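Novice: The structure file coords26.cif (mmCIF, C-alpha atoms; chains and numbers go by the auth columns) is provided below.
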data_target
loop_
_atom_site.group_PDB
_atom_site.id
_atom_site.type_symbol
_atom_site.label_atom_id
_atom_site.label_comp_id
_atom_site.label_asym_id
_atom_site.label_seq_id
_atom_site.Cartn_x
_atom_site.Cartn_y
_atom_site.Cartn_z
_atom_site.B_iso_or_equiv
_atom_site.auth_seq_id
_atom_site.auth_asym_id
ATOM 1 C CA MET A 1 171.049 73.553 207.378 0.00 200 A
ATOM 2 C CA TYR A 2 173.809 75.439 205.658 0.00 201 A
ATOM 3 C CA SER A 3 173.844 75.038 201.843 0.00 202 A
ATOM 4 C CA ARG A 4 176.536 76.299 199.523 0.00 203 A
ATOM 5 C CA GLN A 5 175.549 78.032 196.359 0.00 204 A
ATOM 6 C CA LYS A 6 177.007 76.627 193.186 0.00 205 A
ATOM 7 C CA GLY A 7 177.574 78.336 189.879 0.00 206 A
ATOM 8 C CA ILE A 8 179.636 81.003 188.194 0.00 207 A
ATOM 9 C CA THR A 9 179.760 84.630 189.237 0.00 208 A
ATOM 10 C CA LEU A 10 179.052 87.477 186.855 0.00 209 A
ATOM 11 C CA VAL A 11 182.730 88.472 186.761 0.00 210 A
ATOM 12 C CA GLY A 12 183.743 84.890 186.021 0.00 211 A
ATOM 13 C CA PHE A 13 181.139 84.655 183.267 0.00 212 A
ATOM 14 C CA VAL A 14 182.306 87.905 181.633 0.00 213 A
ATOM 15 C CA LEU A 15 185.949 86.730 181.672 0.00 214 A
ATOM 16 C CA LEU A 16 184.999 83.360 180.244 0.00 215 A
ATOM 17 C CA ALA A 17 182.892 84.992 177.515 0.00 216 A
ATOM 18 C CA ALA A 18 185.764 87.360 176.623 0.00 217 A
ATOM 19 C CA ILE A 19 188.253 84.478 176.299 0.00 218 A
ATOM 20 C CA VAL A 20 185.866 82.389 174.196 0.00 219 A
ATOM 21 C CA GLY A 21 185.052 85.453 172.073 0.00 220 A
ATOM 22 C CA LEU A 22 188.724 86.220 171.371 0.00 221 A
ATOM 23 C CA LEU A 23 189.436 82.610 170.421 0.00 222 A
ATOM 24 C CA GLY A 24 186.394 82.594 168.141 0.00 223 A
ATOM 25 C CA LEU A 25 187.448 85.856 166.501 0.00 224 A
ATOM 26 C CA GLY A 26 190.920 84.445 165.848 0.00 225 A
ATOM 27 C CA ALA A 27 189.440 81.297 164.330 0.00 226 A
ATOM 28 C CA LEU A 28 187.139 83.330 162.073 0.00 227 A
ATOM 29 C CA LYS A 29 189.998 85.512 160.854 0.00 228 A
ATOM 30 C CA LEU A 30 192.320 82.547 160.108 0.00 229 A
ATOM 31 C CA THR A 31 189.791 80.221 158.473 0.00 230 A
ATOM 32 C CA PRO A 32 190.087 81.766 154.956 0.00 231 A
ATOM 33 C CA HIS A 33 193.872 81.340 155.043 0.00 232 A
ATOM 34 C CA TYR A 34 193.582 77.656 155.944 0.00 233 A
ATOM 35 C CA LEU A 35 190.964 77.108 153.226 0.00 234 A
ATOM 36 C CA GLN A 36 193.333 78.752 150.721 0.00 235 A
ATOM 37 C CA ASN A 37 196.124 76.456 151.910 0.00 236 A
ATOM 38 C CA MET A 38 193.906 73.426 151.318 0.00 237 A
ATOM 39 C CA LYS A 39 193.477 74.573 147.708 0.00 238 A
ATOM 40 C CA ILE A 40 197.241 74.979 147.318 0.00 239 A
ATOM 41 C CA LYS A 41 197.807 71.456 148.670 0.00 240 A
ATOM 42 C CA ARG A 42 195.245 70.170 146.158 0.00 241 A
ATOM 43 C CA VAL A 43 197.049 72.016 143.322 0.00 242 A
ATOM 44 C CA LEU A 44 200.349 70.397 144.307 0.00 243 A
ATOM 45 C CA ALA A 45 198.754 66.948 144.540 0.00 244 A
ATOM 46 C CA ASP A 46 197.069 67.365 141.144 0.00 245 A
ATOM 47 C CA VAL A 47 200.326 68.476 139.510 0.00 246 A
ATOM 48 C CA LYS A 48 202.064 65.456 141.001 0.00 247 A
ATOM 49 C CA ASP A 49 199.337 63.103 139.737 0.00 248 A
ATOM 50 C CA GLU A 50 199.462 64.609 136.251 0.00 249 A
ATOM 51 C CA LEU A 51 203.224 64.799 135.750 0.00 250 A
ATOM 52 C CA ASP A 52 204.654 62.019 137.945 0.00 251 A
ATOM 53 C CA GLY A 53 206.648 59.654 135.738 0.00 252 A
ATOM 54 C CA ASN A 54 205.968 61.585 132.508 0.00 253 A
ATOM 55 C CA GLY A 55 209.383 63.236 132.148 0.00 254 A
ATOM 56 C CA PRO A 56 208.451 66.694 133.460 0.00 255 A
ATOM 57 C CA ASN A 57 210.595 69.798 133.206 0.00 256 A
ATOM 58 C CA PRO A 58 210.393 73.028 135.261 0.00 257 A
ATOM 59 C CA GLN A 59 208.522 74.938 132.541 0.00 258 A
ATOM 60 C CA LEU A 60 205.883 72.216 132.226 0.00 259 A
ATOM 61 C CA ILE A 61 205.487 72.054 136.007 0.00 260 A
ATOM 62 C CA ARG A 62 205.089 75.825 136.287 0.00 261 A
ATOM 63 C CA ARG A 63 202.544 75.889 133.437 0.00 262 A
ATOM 64 C CA SER A 64 200.513 73.156 135.101 0.00 263 A
ATOM 65 C CA ILE A 65 200.605 75.000 138.441 0.00 264 A
ATOM 66 C CA ASP A 66 199.546 78.262 136.782 0.00 265 A
ATOM 67 C CA LYS A 67 196.614 76.584 135.043 0.00 266 A
ATOM 68 C CA ARG A 68 195.368 75.042 138.293 0.00 267 A
ATOM 69 C CA ILE A 69 195.829 78.266 140.281 0.00 268 A
ATOM 70 C CA ASN A 70 193.621 80.082 137.772 0.00 269 A
ATOM 71 C CA ILE A 71 190.977 77.343 137.915 0.00 270 A
ATOM 72 C CA GLU A 72 190.946 77.294 141.736 0.00 271 A
ATOM 73 C CA MET A 73 190.971 81.127 141.892 0.00 272 A
ATOM 74 C CA ILE A 74 193.886 81.208 144.335 0.00 273 A
ATOM 75 C CA ASP A 75 195.111 84.721 145.020 0.00 274 A
ATOM 76 C CA ALA A 76 197.611 83.928 147.799 0.00 275 A
ATOM 77 C CA LEU A 77 200.328 82.711 145.417 0.00 276 A
ATOM 78 C CA LYS A 78 201.260 82.916 141.764 0.00 277 A
ATOM 79 C CA ALA A 79 203.007 80.174 139.790 0.00 278 A
ATOM 80 C CA LYS A 80 206.330 82.031 140.064 0.00 279 A
ATOM 81 C CA ASP A 81 206.108 81.820 143.875 0.00 280 A
ATOM 82 C CA PHE A 82 206.444 78.019 143.814 0.00 281 A
ATOM 83 C CA GLN A 83 210.037 76.826 144.151 0.00 282 A
ATOM 84 C CA ILE A 84 211.026 74.046 141.752 0.00 283 A
ATOM 85 C CA GLU A 85 214.225 72.278 142.754 0.00 284 A
ATOM 86 C CA LYS A 86 215.988 69.515 140.812 0.00 285 A
ATOM 87 C CA ILE A 87 216.656 66.419 142.918 0.00 286 A
ATOM 88 C CA ASP A 88 218.106 62.994 142.033 0.00 287 A
ATOM 89 C CA SER A 89 214.801 61.331 141.222 0.00 288 A
ATOM 90 C CA GLY A 90 213.003 64.314 139.666 0.00 289 A
ATOM 91 C CA PHE A 91 211.812 67.653 141.020 0.00 290 A
ATOM 92 C CA ARG A 92 210.739 68.957 144.411 0.00 291 A
ATOM 93 C CA VAL A 93 207.988 71.585 144.178 0.00 292 A
ATOM 94 C CA THR A 94 207.550 73.720 147.295 0.00 293 A
ATOM 95 C CA ALA A 95 204.978 76.327 148.235 0.00 294 A
ATOM 96 C CA ALA A 96 206.251 78.192 151.307 0.00 295 A
ATOM 97 C CA TYR A 97 204.560 81.405 152.394 0.00 296 A
ATOM 98 C CA ASP A 98 203.118 83.183 155.407 0.00 297 A
ATOM 99 C CA ARG A 99 200.116 85.383 156.017 0.00 298 A
ATOM 100 C CA THR A 100 199.384 87.978 158.675 0.00 299 A
ATOM 101 C CA GLU A 101 195.919 88.936 159.764 0.00 300 A
ATOM 102 C CA PRO A 102 195.081 91.940 161.968 0.00 301 A
ATOM 103 C CA PHE A 103 193.564 90.731 165.223 0.00 302 A
ATOM 104 C CA VAL A 104 192.917 93.429 167.817 0.00 303 A
ATOM 105 C CA GLY A 105 194.537 96.867 167.738 0.00 304 A
ATOM 106 C CA ASN A 106 198.158 96.451 166.761 0.00 305 A
ATOM 107 C CA VAL A 107 198.186 92.697 167.452 0.00 306 A
ATOM 108 C CA TYR A 108 198.447 90.458 164.387 0.00 307 A
ATOM 109 C CA LEU A 109 198.046 86.732 163.860 0.00 308 A
ATOM 110 C CA LEU A 110 200.741 85.042 161.755 0.00 309 A
ATOM 111 C CA VAL A 111 200.333 81.717 159.982 0.00 310 A
ATOM 112 C CA ASP A 112 203.224 80.059 158.176 0.00 311 A
ATOM 113 C CA PHE A 113 202.555 77.437 155.498 0.00 312 A
ATOM 114 C CA SER A 114 205.005 75.118 153.773 0.00 313 A
ATOM 115 C CA ASP A 115 203.834 72.344 151.454 0.00 314 A
ATOM 116 C CA GLU A 116 205.863 70.275 149.012 0.00 315 A
ATOM 117 C CA VAL A 117 205.635 67.339 146.629 0.00 316 A
ATOM 118 C CA GLU A 118 208.240 65.340 144.756 0.00 317 A
ATOM 119 C CA ILE A 119 207.570 64.677 141.088 0.00 318 A
ATOM 120 C CA GLN A 120 209.426 61.671 139.671 0.00 319 A
ATOM 121 C CA LEU A 121 211.017 61.718 136.233 0.00 320 A
#
Turn the structure described in the file into structure tokens.

Specialist:
Amino acid sequence: MYSRQKGITLVGFVLLAAIVGLLGLGALKLTPHYLQNMKIKRVLADVKDELDGNGPNPQLIRRSIDKRINIEMIDALKAKDFQIEKIDSGFRVTAAYDRTEPFVGNVYLLVDFSDEVEIQL
């Protein structure tokens, strides 16, 4: 009887391992940036919880952001990097930034973050 062999060849295995390895390397290099972004989202949410409905002004918002950035030990942004925009019902606070991470050779990974909250007067 004729039976067919089943399985993956050595060349196929090496290609599969290379693809999985590159994806894993990319994930490892980008994970710190996403963890930092989670902290920034938490800072924005905490500022909103603290100041929402309490008659905030831009200086008070920026001071509160600066205090929380120092507590969270965030080095990606400073308080001056947050945009505070006056809107009808209060203020819109935006943290928009991007990060590049060297990947392989002269290839870089780019992640772009943009988070915002609206603080009511």

Novice: Using all atoms listed in the file, which of A:His232, A:Gly220, A:Gln319, A:Leu250 sits nearest Val303 of chain A?

Specialist: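 Smallest separation from Val303 of chain A among the options: A:Gly220.
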
Novice: If we count all atoms listed in the file, what is near Leu309 of chain A at a cut-off of 10 Å, once residues fewer than 4 positions away on the same chain are taken out, given as a list in words?

Specialist: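 The contact residues come out as Leu229, Asp297, Arg298, Thr299, Glu300, Pro301 and Phe302 of chain A.
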
Novice: Evaluated on this file, the PyMOL selection byres ((chain A and resi 257-262) around 9) picks out some residues - which ones are they, written as a list in words?

Specialist: Val246, Lys247, Leu250, Pro255, Asn256, Ser263, Ile264, Asp265, Lys266, Arg267, Ala278, Lys279, Phe281, Ile283, Glu284, Lys285, Phe290 and Val292 of chain A

Novice: One decimal, in Å: what's the spacing between atom CA of Ser313 of chain A and atom CA of Asn236 of chain A?

Specialist: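 Computed distance, atom CA of Ser313 of chain A to atom CA of Asn236 of chain A, equals 9.2 Å.
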
Novice: Selected by the PyMOL selection byres ((chain A and resi 288) around 10) in the shown coordinates: which residues, as a JSON list (two decimals) with C-alpha atoms, in the coordinates of the input?

Specialist:
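Output below, filename expr03.json:
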[["chain", "number", "residue", "atom", "x", "y", "z"],
["A", 252, "GLY", "CA", 206.65, 59.65, 135.74],
["A", 285, "LYS", "CA", 215.99, 69.52, 140.81],
["A", 286, "ILE", "CA", 216.66, 66.42, 142.92],
["A", 287, "ASP", "CA", 218.11, 62.99, 142.03],
["A", 289, "GLY", "CA", 213.00, 64.31, 139.67],
["A", 290, "PHE", "CA", 211.81, 67.65, 141.02],
["A", 291, "ARG", "CA", 210.74, 68.96, 144.41],
["A", 317, "GLU", "CA", 208.24, 65.34, 144.76],
["A", 318, "ILE", "CA", 207.57, 64.68, 141.09],
["A", 319, "GLN", "CA", 209.43, 61.67, 139.67],
["A", 320, "LEU", "CA", 211.02, 61.72, 136.23]]

Novice: Apply the PyMOL selection byres ((chain A and resi 243) around 9) to the structure shown and report the selected residues as number ranges by chain.

Specialist: A: 238-242, 244-248, 264, 292-294, 314-316

Novice: Just to confirm, what's the straight-line distance from atom CA of Gly223 of chain A to atom CA of Ala275 of chain A in Å (one decimal)?

Specialist: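 The value is 23.3 Å.
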
Novice: Report, in Å with one decimal, the straight-line distance from atom CA of Val310 of chain A to atom CA of Thr230 of chain A.

Specialist: 10.8 Å
